[in-house]
>>> print(open('protein_11.tsv').read())   # TSV, C-alpha atoms
chain	number	residue	atom	x	y	z
A	1	MET	CA	-20.83	23.02	0.08
A	2	VAL	CA	-22.96	25.33	-1.99
A	3	LYS	CA	-23.18	22.57	-4.54
A	4	HIS	CA	-24.34	20.12	-1.87
A	5	ARG	CA	-27.06	22.45	-0.60
A	6	TRP	CA	-28.26	23.02	-4.13
A	7	PHE	CA	-28.28	19.28	-4.68
A	8	ASN	CA	-30.19	18.73	-1.43
A	9	SER	CA	-32.84	21.27	-2.30
A	10	MET	CA	-33.22	19.72	-5.74
A	11	LEU	CA	-33.56	16.33	-4.07
A	12	LEU	CA	-36.20	17.73	-1.73
A	13	SER	CA	-38.16	19.17	-4.66
A	14	ALA	CA	-37.88	15.86	-6.45
A	15	CYS	CA	-39.20	14.09	-3.35
A	16	LEU	CA	-42.20	16.43	-3.14
A	17	VAL	CA	-43.05	15.81	-6.78
A	18	LEU	CA	-42.43	12.08	-6.76
A	19	LEU	CA	-43.62	11.54	-3.22
A	20	PRO	CA	-44.77	7.91	-3.46
A	21	GLY	CA	-41.45	6.65	-4.89
A	22	CYS	CA	-39.16	8.58	-2.60
A	23	SER	CA	-39.83	7.58	0.98
A	24	ASN	CA	-37.09	8.79	3.28
A	25	THR	CA	-34.21	6.81	1.76
A	26	ALA	CA	-31.78	9.70	2.38
A	27	GLN	CA	-28.90	8.78	4.67
A	28	PRO	CA	-28.48	10.88	7.80
A	29	SER	CA	-25.86	13.61	7.33
A	30	LEU	CA	-22.28	13.09	8.50
A	31	TYR	CA	-23.13	15.59	11.25
A	32	GLN	CA	-25.85	13.23	12.50
A	33	ARG	CA	-23.63	10.17	12.13
A	34	LEU	CA	-20.89	11.83	14.20
A	35	GLY	CA	-23.41	12.34	17.02
A	36	ALA	CA	-24.57	15.89	16.22
A	37	GLU	CA	-23.61	18.69	18.63
A	38	PRO	CA	-22.44	16.54	21.57
A	39	GLY	CA	-20.55	14.19	19.21
A	40	ILE	CA	-18.71	17.08	17.56
A	41	ALA	CA	-17.95	18.62	20.98
A	42	THR	CA	-16.39	15.36	22.18
A	43	LEU	CA	-14.39	15.16	18.96
A	44	VAL	CA	-13.07	18.71	19.38
A	45	ASP	CA	-12.19	18.14	23.05
A	46	GLY	CA	-10.42	14.91	22.10
A	47	LEU	CA	-8.43	16.74	19.45
A	48	LEU	CA	-7.46	19.49	21.92
A	49	PHE	CA	-6.21	16.76	24.25
A	50	GLU	CA	-4.13	15.24	21.42
A	51	ILE	CA	-2.64	18.63	20.49
A	52	GLU	CA	-1.82	19.39	24.13
A	53	HIS	CA	0.14	16.13	24.37
A	54	ASP	CA	1.94	16.37	21.03
A	55	GLN	CA	5.34	18.06	21.43
A	56	ARG	CA	5.62	18.39	17.66
A	57	ILE	CA	2.74	20.83	17.30
A	58	VAL	CA	1.66	22.15	20.71
A	59	HIS	CA	3.94	25.22	20.36
A	60	HIS	CA	1.78	26.48	17.46
A	61	PHE	CA	-1.03	26.98	19.98
A	62	ALA	CA	1.01	28.93	22.53
A	63	ASP	CA	-0.81	32.21	21.82
A	64	THR	CA	-4.16	30.69	20.86
A	65	ASP	CA	-7.34	31.59	22.74
A	66	ILE	CA	-8.29	27.95	23.35
A	67	GLY	CA	-11.91	28.75	24.27
A	68	ARG	CA	-12.48	30.57	21.01
A	69	PHE	CA	-10.53	27.94	19.02
A	70	ARG	CA	-12.72	25.21	20.52
A	71	ALA	CA	-15.95	27.03	19.66
A	72	MET	CA	-14.84	27.95	16.13
A	73	LEU	CA	-13.60	24.43	15.33
A	74	ALA	CA	-16.88	22.91	16.54
A	75	GLU	CA	-18.84	25.42	14.46
A	76	GLN	CA	-16.70	24.74	11.41
A	77	LEU	CA	-17.04	20.96	11.73
A	78	CYS	CA	-20.80	21.32	12.22
A	79	ASP	CA	-21.02	23.46	9.06
A	80	LEU	CA	-18.75	21.18	7.00
A	81	THR	CA	-20.54	17.96	7.93
A	82	GLY	CA	-24.00	19.27	7.07
A	83	GLY	CA	-25.12	20.41	10.52
A	84	PRO	CA	-27.29	23.45	11.28
A	85	CYS	CA	-24.40	25.89	11.69
A	86	GLN	CA	-22.74	28.60	9.68
A	87	TYR	CA	-19.00	28.92	10.25
A	88	SER	CA	-18.37	32.51	11.34
A	89	GLY	CA	-14.60	32.44	11.84
A	90	SER	CA	-11.85	33.67	9.60
A	91	THR	CA	-10.72	31.74	6.53
A	92	MET	CA	-8.18	28.97	6.90
A	93	GLN	CA	-5.61	31.08	5.06
A	94	GLN	CA	-6.13	34.05	7.40
A	95	SER	CA	-6.05	32.04	10.61
A	96	HIS	CA	-2.85	30.15	9.71
A	97	THR	CA	-0.76	32.90	8.15
A	98	GLY	CA	2.49	33.40	10.02
A	99	PHE	CA	2.40	29.93	11.61
A	100	ASN	CA	4.37	28.24	8.81
A	101	ILE	CA	2.52	24.94	9.37
A	102	SER	CA	4.65	22.21	7.79
A	103	LEU	CA	3.64	18.93	6.17
A	104	ALA	CA	4.88	17.14	9.31
A	105	ASP	CA	2.70	19.43	11.50
A	106	TYR	CA	-0.31	18.67	9.32
A	107	ASP	CA	0.42	14.94	9.41
A	108	ALA	CA	0.70	15.14	13.20
A	109	LEU	CA	-2.68	16.87	13.49
A	110	VAL	CA	-4.36	14.37	11.16
A	111	ALA	CA	-2.83	11.50	13.17
A	112	GLY	CA	-4.23	13.13	16.32
A	113	LEU	CA	-7.67	13.36	14.75
A	114	ILE	CA	-7.49	9.71	13.72
A	115	ASN	CA	-6.53	8.74	17.29
A	116	VAL	CA	-9.58	10.56	18.64
A	117	MET	CA	-11.95	9.07	16.06
A	118	GLN	CA	-10.61	5.59	16.78
A	119	ARG	CA	-11.02	6.14	20.53
A	120	GLN	CA	-14.59	7.29	19.98
A	121	GLN	CA	-15.21	4.22	17.85
A	122	ILE	CA	-16.44	6.21	14.87
A	123	SER	CA	-16.89	3.87	11.91
A	124	ILE	CA	-14.11	3.75	9.28
A	125	ALA	CA	-16.54	5.04	6.64
A	126	ASP	CA	-17.48	8.09	8.75
A	127	GLN	CA	-13.83	8.71	9.66
A	128	ASN	CA	-12.94	8.70	5.97
A	129	ALA	CA	-15.88	10.96	5.13
A	130	LEU	CA	-14.60	13.50	7.66
A	131	LEU	CA	-10.99	13.16	6.49
A	132	ALA	CA	-12.18	13.71	2.91
A	133	LEU	CA	-13.58	17.10	4.02
A	134	LEU	CA	-10.54	18.15	6.05
A	135	ALA	CA	-7.55	16.82	4.07
A	136	PRO	CA	-7.91	19.29	1.15
A	137	MET	CA	-7.60	22.23	3.59
A	138	TYR	CA	-3.87	21.50	3.51
A	139	LYS	CA	-3.33	23.97	0.66
A	140	ASP	CA	-4.92	26.82	2.66
A	141	ILE	CA	-3.24	25.94	5.96
A	142	SER	CA	0.33	24.86	5.16
A	143	TYR	CA	3.44	26.98	4.70
A	144	ARG	CA	1.81	30.39	5.27
B	1	MET	CA	17.49	-14.04	7.04
B	2	LYS	CA	19.86	-11.97	9.13
B	3	VAL	CA	18.09	-8.74	8.21
B	4	TRP	CA	14.81	-10.21	9.40
B	5	LEU	CA	16.33	-11.30	12.69
B	6	TYR	CA	17.92	-7.90	13.28
B	7	SER	CA	14.60	-6.24	12.50
B	8	ILE	CA	12.75	-8.35	14.99
B	9	VAL	CA	15.40	-7.88	17.69
B	10	LEU	CA	15.39	-4.11	17.17
B	11	LEU	CA	11.62	-3.96	17.30
B	12	CYS	CA	11.63	-5.74	20.63
B	13	LEU	CA	13.91	-3.14	22.21
B	14	PRO	CA	11.76	-0.66	24.10
B	15	GLY	CA	12.10	2.86	22.73
B	16	ALA	CA	13.92	1.75	19.59
B	17	ALA	CA	10.76	1.91	17.55
B	18	SER	CA	10.54	5.60	16.75
B	19	ALA	CA	8.97	6.55	13.44
B	20	GLY	CA	8.23	9.68	11.44
B	21	SER	CA	5.02	11.71	11.33
B	22	LYS	CA	3.46	10.35	8.14
B	23	ILE	CA	0.15	8.51	8.55
B	24	ILE	CA	0.40	4.73	8.82
B	25	ALA	CA	0.44	2.85	5.49
B	26	THR	CA	1.30	6.01	3.49
B	27	GLY	CA	4.90	4.82	3.16
B	28	GLY	CA	3.63	1.79	1.25
B	29	VAL	CA	5.76	-1.33	1.23
B	30	THR	CA	9.07	-1.97	-0.52
B	31	SER	CA	9.02	-3.41	-4.04
B	32	ILE	CA	11.38	-6.16	-5.22
B	33	GLU	CA	13.56	-3.39	-6.68
B	34	GLY	CA	13.92	-1.68	-3.29
B	35	ASN	CA	11.65	1.32	-3.91
B	36	ALA	CA	8.57	2.35	-1.96
B	37	GLY	CA	5.57	1.02	-3.81
B	38	GLY	CA	3.64	-2.08	-4.10
B	39	GLY	CA	5.40	-5.39	-4.64
B	40	ILE	CA	6.38	-5.02	-8.31
B	41	VAL	CA	5.59	-1.37	-9.12
B	42	PRO	CA	7.45	1.68	-7.77
B	43	TRP	CA	4.99	4.34	-6.55
B	44	ALA	CA	5.37	8.11	-6.15
B	45	ILE	CA	5.40	7.81	-2.37
B	46	ILE	CA	8.66	8.00	-0.40
B	47	ASN	CA	9.62	4.97	1.68
B	48	GLY	CA	9.11	4.96	5.45
B	49	TYR	CA	7.36	7.56	7.58
B	50	ALA	CA	9.61	10.62	7.34
B	51	SER	CA	7.48	13.72	6.80
B	52	SER	CA	8.91	17.20	6.13
B	53	ASP	CA	12.29	17.79	7.86
B	54	GLU	CA	12.41	14.19	9.09
B	55	TRP	CA	14.41	11.17	7.95
B	56	SER	CA	13.73	7.46	8.07
B	57	PHE	CA	15.53	4.22	7.44
B	58	THR	CA	13.88	1.19	5.87
B	59	THR	CA	14.99	-2.36	5.36
B	60	PHE	CA	13.17	-5.15	3.58
B	61	ALA	CA	13.36	-8.78	2.58
B	62	SER	CA	11.05	-10.54	0.15
B	63	ARG	CA	10.71	-13.84	-1.61
B	64	VAL	CA	8.80	-14.76	-4.75
B	65	GLY	CA	8.25	-18.44	-5.45
B	66	VAL	CA	6.81	-19.54	-8.81
B	67	ASN	CA	6.79	-22.90	-10.62
B	68	ASP	CA	10.37	-23.00	-11.89
B	69	PHE	CA	12.04	-20.00	-10.24
B	70	SER	CA	12.41	-18.10	-7.00
B	71	LEU	CA	13.48	-14.51	-6.41
B	72	HIS	CA	15.01	-13.32	-3.14
B	73	SER	CA	15.31	-9.56	-2.70
B	74	GLY	CA	16.67	-7.58	0.20
B	75	GLY	CA	17.81	-4.05	0.72
B	76	VAL	CA	17.91	-0.77	2.57
B	77	ALA	CA	16.61	2.73	1.96
B	78	LEU	CA	17.17	6.15	3.43
B	79	SER	CA	14.40	8.73	3.07
B	80	LEU	CA	14.83	12.45	3.67
B	81	ASP	CA	12.24	15.20	4.08
B	82	ASN	CA	9.51	13.15	2.35
B	83	SER	CA	11.34	14.28	-0.80
B	84	TRP	CA	14.31	11.97	-1.42
B	85	GLU	CA	14.56	8.22	-1.33
B	86	PHE	CA	17.95	6.54	-1.74
B	87	SER	CA	17.93	2.77	-1.89
B	88	TYR	CA	20.01	-0.30	-2.55
B	89	ALA	CA	18.68	-3.78	-3.25
B	90	ARG	CA	20.28	-7.10	-4.10
B	91	GLN	CA	18.27	-9.70	-6.00
B	92	ARG	CA	19.04	-13.38	-6.39
B	93	PHE	CA	16.99	-15.23	-8.96
B	94	ALA	CA	17.28	-19.01	-8.56
B	95	LEU	CA	16.58	-21.20	-11.58
B	96	GLU	CA	15.07	-24.00	-9.52
B	97	SER	CA	14.39	-26.47	-12.36
B	98	ILE	CA	17.21	-25.46	-14.77
B	99	GLY	CA	19.85	-25.02	-12.08
B	100	GLY	CA	22.04	-22.02	-11.21
B	101	SER	CA	21.15	-18.47	-10.24
B	102	LEU	CA	21.36	-14.87	-11.45
B	103	SER	CA	21.97	-11.87	-9.22
B	104	GLN	CA	21.88	-8.12	-9.64
B	105	ASP	CA	22.41	-4.96	-7.61
B	106	ILE	CA	19.96	-2.08	-7.87
B	107	PHE	CA	20.91	1.46	-6.83
B	108	SER	CA	17.95	3.84	-6.89
B	109	VAL	CA	17.11	7.46	-6.26
B	110	LYS	CA	13.58	8.82	-6.17
B	111	TYR	CA	12.62	12.50	-5.94
B	112	HIS	CA	9.16	13.75	-4.96
B	113	LEU	CA	8.36	16.49	-7.49
B	114	ALA	CA	4.85	17.68	-6.60
B	115	GLY	CA	1.57	16.95	-4.88
B	116	GLU	CA	0.84	15.26	-1.56
B	117	LEU	CA	-0.67	11.77	-1.58
B	118	LEU	CA	-3.38	12.61	0.99
B	119	TYR	CA	-3.81	16.35	0.83
B	120	THR	CA	-3.73	17.81	-2.67
B	121	ALA	CA	-6.00	17.40	-5.68
B	122	LEU	CA	-2.85	16.92	-7.73
B	123	PRO	CA	-1.54	13.37	-7.25
B	124	GLN	CA	1.84	12.96	-5.63
B	125	ILE	CA	4.32	12.86	-8.50
B	126	SER	CA	7.85	11.51	-8.31
B	127	ILE	CA	10.67	10.75	-10.69
B	128	GLY	CA	13.02	7.83	-10.11
B	129	VAL	CA	16.18	6.34	-11.50
B	130	GLN	CA	17.28	2.73	-11.03
B	131	HIS	CA	20.79	1.70	-11.96
B	132	LYS	CA	21.04	-2.08	-12.21
B	133	ARG	CA	24.20	-4.13	-12.38
B	134	ASN	CA	24.05	-7.76	-13.35
B	135	LEU	CA	26.44	-9.91	-11.33
B	136	ASP	CA	26.16	-13.10	-13.43
B	137	PHE	CA	26.24	-12.07	-17.06
B	138	ASP	CA	27.28	-15.38	-18.68
B	139	LEU	CA	23.77	-16.76	-19.07
B	140	PRO	CA	22.13	-13.43	-20.05
B	141	GLN	CA	24.86	-12.96	-22.66
B	142	ALA	CA	24.40	-16.52	-23.95
B	143	VAL	CA	20.68	-15.87	-24.53
B	144	GLY	CA	21.37	-12.62	-26.39
B	145	ALA	CA	21.50	-9.77	-23.87
B	146	GLN	CA	23.58	-6.80	-24.98
B	147	SER	CA	24.74	-5.35	-21.68
B	148	ALA	CA	25.30	-6.37	-18.05
B	149	HIS	CA	24.07	-3.07	-16.70
B	150	GLY	CA	21.30	-0.65	-17.44
B	151	THR	CA	19.47	2.37	-16.09
B	152	ASP	CA	15.70	2.70	-15.86
B	153	VAL	CA	13.95	6.05	-15.45
B	154	TYR	CA	10.36	6.26	-14.27
B	155	LEU	CA	7.72	8.85	-13.55
B	156	ALA	CA	5.07	7.83	-10.99
B	157	ALA	CA	1.81	9.42	-9.86
B	158	SER	CA	0.01	8.24	-6.71
B	159	LYS	CA	-3.20	9.49	-5.16
B	160	LEU	CA	-5.25	8.43	-2.18
B	161	LEU	CA	-8.97	9.08	-2.61
B	162	PHE	CA	-10.94	9.15	0.63
B	163	ASN	CA	-14.26	7.42	1.18
B	164	GLN	CA	-14.59	5.69	-2.23
B	165	ILE	CA	-15.66	2.05	-1.93
B	166	ALA	CA	-18.02	1.19	0.93
B	167	GLY	CA	-16.52	4.18	2.77
B	168	ARG	CA	-12.99	2.87	2.28
B	169	ASN	CA	-10.06	4.84	0.88
B	170	LEU	CA	-8.74	3.99	-2.56
B	171	LEU	CA	-5.12	4.33	-3.61
B	172	LEU	CA	-4.35	4.62	-7.31
B	173	ASN	CA	-0.91	4.59	-8.84
B	174	GLY	CA	0.36	4.86	-12.40
B	175	THR	CA	4.01	4.59	-13.39
B	176	LEU	CA	5.66	5.18	-16.77
B	177	ARG	CA	9.04	3.52	-17.11
B	178	ALA	CA	11.73	3.82	-19.76
B	179	THR	CA	13.73	0.61	-19.76
B	180	LYS	CA	15.91	-1.80	-21.72
B	181	ALA	CA	15.85	-4.47	-19.01
B	182	ASN	CA	15.10	-8.10	-19.88
B	183	GLN	CA	13.10	-9.68	-17.04
B	184	THR	CA	13.74	-6.52	-14.95
B	185	GLY	CA	17.48	-6.84	-15.67
B	186	LEU	CA	17.99	-10.36	-14.37
B	187	LEU	CA	18.51	-11.40	-18.01
B	188	GLY	CA	20.62	-8.36	-18.82
B	189	PHE	CA	19.77	-5.28	-20.86
B	190	GLY	CA	18.84	-4.88	-24.50
B	191	SER	CA	19.71	-7.32	-27.27
B	192	ALA	CA	21.62	-7.27	-30.55
B	193	GLY	CA	18.34	-6.82	-32.42
B	194	ASP	CA	16.74	-4.24	-30.11
B	195	ASN	CA	18.83	-2.02	-27.89
B	196	ASN	CA	16.40	0.89	-27.61
B	197	TYR	CA	14.61	2.21	-24.57
B	198	GLN	CA	10.96	1.27	-24.41
B	199	LEU	CA	8.25	3.23	-22.58
B	200	LEU	CA	6.10	0.91	-20.46
B	201	PHE	CA	3.13	1.31	-18.12
B	202	GLU	CA	2.78	-0.08	-14.63
B	203	GLY	CA	-0.27	0.38	-12.43
B	204	SER	CA	-1.64	-0.44	-9.01
B	205	ALA	CA	-4.95	-0.01	-7.24
B	206	ALA	CA	-5.52	-0.74	-3.57
B	207	VAL	CA	-8.37	-0.42	-1.10
B	208	LEU	CA	-7.52	0.34	2.53
B	209	LEU	CA	-9.92	-1.79	4.54
B	210	ASN	CA	-8.79	0.07	7.66
B	211	TYR	CA	-5.64	1.92	8.75
B	212	ASN	CA	-3.61	-1.28	8.89
B	213	LEU	CA	-4.86	-3.47	6.07
B	214	ALA	CA	-4.80	-2.95	2.30
B	215	ILE	CA	-5.78	-5.23	-0.55
B	216	GLY	CA	-4.98	-4.53	-4.17
B	217	VAL	CA	-3.89	-5.46	-7.63
B	218	GLU	CA	-0.84	-4.61	-9.72
B	219	PHE	CA	0.12	-4.78	-13.35
B	220	LYS	CA	3.56	-4.38	-14.88
B	221	GLN	CA	4.03	-4.15	-18.63
B	222	LYS	CA	7.27	-5.77	-19.78
B	223	PRO	CA	9.45	-5.41	-22.86
B	224	ASP	CA	10.22	-8.43	-25.06
B	225	LYS	CA	13.70	-7.95	-26.50
B	226	LEU	CA	15.29	-11.39	-26.32
B	227	ALA	CA	14.68	-13.68	-29.30
B	228	PHE	CA	15.23	-16.94	-27.40
B	229	ALA	CA	12.04	-16.73	-25.32
B	230	ALA	CA	8.97	-14.50	-25.07
B	231	GLU	CA	8.73	-12.17	-22.05
B	232	GLN	CA	5.27	-11.48	-20.66
B	233	HIS	CA	3.59	-8.89	-18.46
B	234	TRP	CA	3.44	-9.40	-14.68
B	235	ARG	CA	0.41	-9.09	-12.41
B	236	ASP	CA	-0.42	-9.75	-8.78
B	237	ILE	CA	-3.14	-9.57	-6.16
B	238	PHE	CA	-1.84	-8.53	-2.74
B	239	ILE	CA	-2.74	-8.00	0.88
B	240	ALA	CA	-0.53	-5.78	3.03
B	241	TRP	CA	-0.69	-5.68	6.80
B	242	PHE	CA	0.81	-2.58	8.39
B	243	ILE	CA	1.28	-4.00	11.87
B	244	ASN	CA	2.53	-0.64	13.12
B	245	LYS	CA	4.70	2.15	11.71
B	246	ASN	CA	7.77	-0.03	12.18
B	247	LEU	CA	6.71	-3.28	10.57
B	248	SER	CA	4.64	-4.46	7.63
B	249	LEU	CA	4.00	-7.84	6.09
B	250	THR	CA	2.77	-8.37	2.52
B	251	GLY	CA	1.50	-11.48	0.81
B	252	ALA	CA	0.53	-11.82	-2.84
B	253	TYR	CA	-0.48	-14.21	-5.55
B	254	VAL	CA	1.69	-13.46	-8.58
B	255	ASP	CA	1.44	-14.30	-12.27
B	256	LEU	CA	4.74	-13.69	-14.05
B	257	GLY	CA	3.78	-15.31	-17.36
B	258	HIS	CA	6.38	-17.30	-19.27
B	259	ILE	CA	9.98	-16.84	-18.15
B	260	ALA	CA	12.99	-18.04	-20.19
B	261	GLY	CA	10.89	-20.49	-22.14
B	262	GLN	CA	9.41	-22.09	-19.04
B	263	GLY	CA	5.61	-22.22	-19.07
B	264	SER	CA	3.25	-20.02	-17.09
B	265	GLN	CA	4.89	-18.98	-13.81
B	266	THR	CA	2.47	-18.40	-10.95
B	267	GLY	CA	3.02	-18.51	-7.23
B	268	TYR	CA	3.41	-16.45	-4.08
B	269	TYR	CA	5.13	-13.30	-2.91
B	270	LEU	CA	6.01	-12.66	0.72
B	271	GLY	CA	7.57	-9.42	1.90
B	272	LEU	CA	8.64	-8.04	5.26
B	273	GLU	CA	9.54	-4.41	5.81
B	274	ALA	CA	10.93	-2.73	8.89
B	275	THR	CA	11.28	1.03	9.18
B	276	TRP	CA	12.49	3.57	11.73
>>> encode(input="protein_11.tsv", output="structure tokens")
Amino acid sequence: MVKHRWFNSMLLSACLVLLPGCSNTAQPSLYQRLGAEPGIATLVDGLLFEIEHDQRIVHHFADTDIGRFRAMLAEQLCDLTGGPCQYSGSTMQQSHTGFNISLADYDALVAGLINVMQRQQISIADQNALLALLAPMYKDISYR
Amino acid sequence: MKVWLYSIVLLCLPGAASAGSKIIATGGVTSIEGNAGGGIVPWAIINGYASSDEWSFTTFASRVGVNDFSLHSGGVALSLDNSWEFSYARQRFALESIGGSLSQDIFSVKYHLAGELLYTALPQISIGVQHKRNLDFDLPQAVGAQSAHGTDVYLAASKLLFNQIAGRNLLLNGTLRATKANQTGLLGFGSAGDNNYQLLFEGSAAVLLNYNLAIGVEFKQKPDKLAFAAEQHWRDIFIAWFINKNLSLTGAYVDLGHIAGQGSQTGYYLGLEATW
């Protein structure tokens, strides 16, 4: 992410210097493409619905403060996708230690996310862009 | 044909179609040798949709039709814990223009060593063993094959890269195989002049157009141990349709080069896989 920000600021400087040749060709961020704050909120609520109805993983959330989880996940997604937020929650390692999240649990959650994105008719390219950001978290989340 | 019919009947039974937790298409299809992969290359993925602590059962039937030959393959596989894949396949290679046929049995085990196809920077890496037993050795022996049975060992690495080509996911696979097999074993193993293992490369690349549809290419390097006729590398272009987690259908255009002295062999590949 740091790299991205650095790249963006470099790009911005380049635009200021080369103003005539650089007229707003930048693509909107993934955050924008997912529908900004309301889009992310719908995504998070959809995922909560999927978790609630998935017998394979719902037990992991038995002691979770759902209100806080919802807010933190939205903030994290906003931050990750280039939105105007700074994730303030604990690290993925910290928040999943003791849960022993298995590969099957992770697969189930990803499948849930895909269901939601399909239902919300998010384009395949944007779905894949989001999955590309979330999939590598596996190493911090699983088997802890 | 029976396997296909059973598959279809089972799929029509309500509630029979349970599947594991893996994401659709990540079980790949079943190769002509009975392993999860593409059509002609075994990949590092484990067949079916069994994730950790789950099991799945897969059955497949496929047919390759080229100018002078056809190859029917069918088999079953049991996958455990997204770690082990045990499979059996029977191949029947019909010499359409020469007459007669050659068959072999293939018993395989694959073990997932490291990495997760979707989730780790390290590709998914698996090691596999295929033990092949030729059932009609007269012809292979007559053309110079040394043995009616042989064992291949391969190491495969597979990785899915998200959001690569027009926002689509890209699957890359590379496989290194140690083999003595002539025409994948259908023409026996080794020869009087060359009975050593050879290390060969096989590769695949596929783009997932969406969750259910993949298009790709494959390449399979082949040995050339028999003096009577040159053996050439195989390649194909495929499209795989993952109808749901229980059923997939694959079609391909294949180029198998020269086989047993018969000129360039090109044609089709059709494969059906059912998994629970």
>>> closest_residue(input="protein_11.tsv", among="B:Leu71, B:Val109, B:Leu160, B:Ile40", to="Ala132 (chain A)", atoms="only C-alpha atoms")
B:Leu160
>>> residues_around(input="protein_11.tsv", residues="Met92 (chain A)", least_positions_apart="6", cutoff="8 Å", atoms="all atoms listed in the file", output="PyMOL selection string")
chain A and resi 137+140-141
>>> atom_distance(input="protein_11.tsv", atom1="CA of Leu272 (chain B)", atom2="CA of Leu135 (chain B)")
24.4 Å
>>> closest_atom_pairs(input="protein_11.tsv", of="chain A", to="chain B", cutoff="6 Å", atoms="only C-alpha atoms", output="tab-separated table")
residue	atom	partner	partner_atom	distance
A:Leu103	CA	B:Ser52	CA	5.5
A:Ala104	CA	B:Ser51	CA	5.0
A:Asp107	CA	B:Lys22	CA	5.7
A:Ala108	CA	B:Ser21	CA	5.8
A:Ala125	CA	B:Gly167	CA	4.0
A:Asn128	CA	B:Asn163	CA	5.1
A:Ala129	CA	B:Asn163	CA	5.5
A:Ala132	CA	B:Phe162	CA	5.2
A:Ala135	CA	B:Tyr119	CA	5.0
A:Pro136	CA	B:Tyr119	CA	5.1
A:Tyr138	CA	B:Tyr119	CA	5.8
>>> residues_around(input="protein_11.tsv", residues="Ser31 (chain B)", least_positions_apart="5", cutoff="8 Å", atoms="only C-alpha atoms", output="number ranges by chain")
B: 36-42
>>> closest_residue(input="protein_11.tsv", among="A:Leu80, A:Ile66, A:Gln118, A:Gln93", to="Glu52 (chain A)", atoms="all atoms listed in the file")
A:Ile66
>>> residues_around(input="protein_11.tsv", residues="Val58 (chain A)", least_positions_apart="5", cutoff="10 Å", atoms="all atoms listed in the file", output="NGL selection string")
:A and (48 or 50-53 or 105 or 109)
>>> atom_distance(input="protein_11.tsv", atom1="CA of Leu199 (chain B)", atom2="CA of Arg177 (chain B)")
5.5 Å
>>> residues_near_point(input="protein_11.tsv", point="(-14.2, 29.6, 17.3)", cutoff="12 Å", atoms="all atoms listed in the file", output="list in words")
Val44, Thr64, Asp65, Ile66, Gly67, Arg68, Phe69, Arg70, Ala71, Met72, Leu73, Ala74, Glu75, Gln76, Leu77, Cys78, Gln86, Tyr87, Ser88, Gly89, Ser90, Thr91 and Ser95 of chain A
>>> residues_around(input="protein_11.tsv", residues="Gly39 (chain A)", least_positions_apart="5", cutoff="12 Å", atoms="all atoms listed in the file", output="number ranges by chain")
A: 30-34, 44-46, 74, 77-78, 81, 83, 116-117, 120-122
>>> closest_residue(input="protein_11.tsv", among="B:Asn67, B:Thr58, B:Thr179, B:Thr26", to="Ala240 (chain B)", atoms="only C-alpha atoms")
B:Thr26
>>> closest_residue(input="protein_11.tsv", among="A:Ile101, A:Leu43, A:Cys85, A:Ala26", to="Tyr143 (chain A)", atoms="only C-alpha atoms")
A:Ile101
>>> atom_distance(input="protein_11.tsv", atom1="CA of Phe238 (chain B)", atom2="CA of Leu270 (chain B)")
9.5 Å
>>> residues_around(input="protein_11.tsv", residues="region 219-232 of chain B", least_positions_apart="3", cutoff="9 Å", atoms="only C-alpha atoms", output="MDAnalysis selection string")
chainID B and resid 40:41 143:145 179:184 187 189:195 198:204 235:236 256:262
>>> closest_residue(input="protein_11.tsv", among="B:Gln104, B:Ser147, B:Thr30, B:Ser264", to="Leu186 (chain B)", atoms="only C-alpha atoms")
B:Gln104
>>> closest_residue(input="protein_11.tsv", among="A:Arg144, A:Gly112, A:Gly98, A:Lys139", to="Gly115 (chain B)", atoms="only C-alpha atoms")
A:Lys139
>>> residues_near_point(input="protein_11.tsv", point="(-3.4, 4.0, -12.2)", cutoff="9 Å", atoms="all atoms listed in the file", output="MDAnalysis selection string")
chainID B and resid 157:159 171:175 202:205
>>> decode(input="protein_11.tsv", residues="region 155-162 of chain B", atoms="N, CA and C atoms", output="JSON list (two decimals), in the first residue's frame")
[["chain", "number", "residue", "atom", "x", "y", "z"],
["B", 155, "LEU", "N", 6.94, -33.61, -10.79],
["B", 155, "LEU", "CA", 6.84, -32.53, -9.82],
["B", 155, "LEU", "C", 6.10, -31.40, -10.53],
["B", 156, "ALA", "N", 5.00, -30.92, -9.95],
["B", 156, "ALA", "CA", 4.20, -29.90, -10.62],
["B", 156, "ALA", "C", 4.05, -28.67, -9.74],
["B", 157, "ALA", "N", 4.04, -27.50, -10.38],
["B", 157, "ALA", "CA", 3.81, -26.24, -9.66],
["B", 157, "ALA", "C", 2.69, -25.50, -10.38],
["B", 158, "SER", "N", 1.65, -25.10, -9.63],
["B", 158, "SER", "CA", 0.52, -24.38, -10.20],
["B", 158, "SER", "C", 0.24, -23.12, -9.40],
["B", 159, "LYS", "N", -0.10, -22.06, -10.10],
["B", 159, "LYS", "CA", -0.39, -20.80, -9.40],
["B", 159, "LYS", "C", -1.48, -20.04, -10.13],
["B", 160, "LEU", "N", -2.46, -19.58, -9.39],
["B", 160, "LEU", "CA", -3.46, -18.70, -9.96],
["B", 160, "LEU", "C", -3.11, -17.26, -9.62],
["B", 161, "LEU", "N", -2.99, -16.43, -10.66],
["B", 161, "LEU", "CA", -2.68, -15.01, -10.47],
["B", 161, "LEU", "C", -3.95, -14.22, -10.76],
["B", 162, "PHE", "N", -4.38, -13.44, -9.75],
["B", 162, "PHE", "CA", -5.63, -12.69, -9.89],
["B", 162, "PHE", "C", -5.45, -11.47, -10.80]]
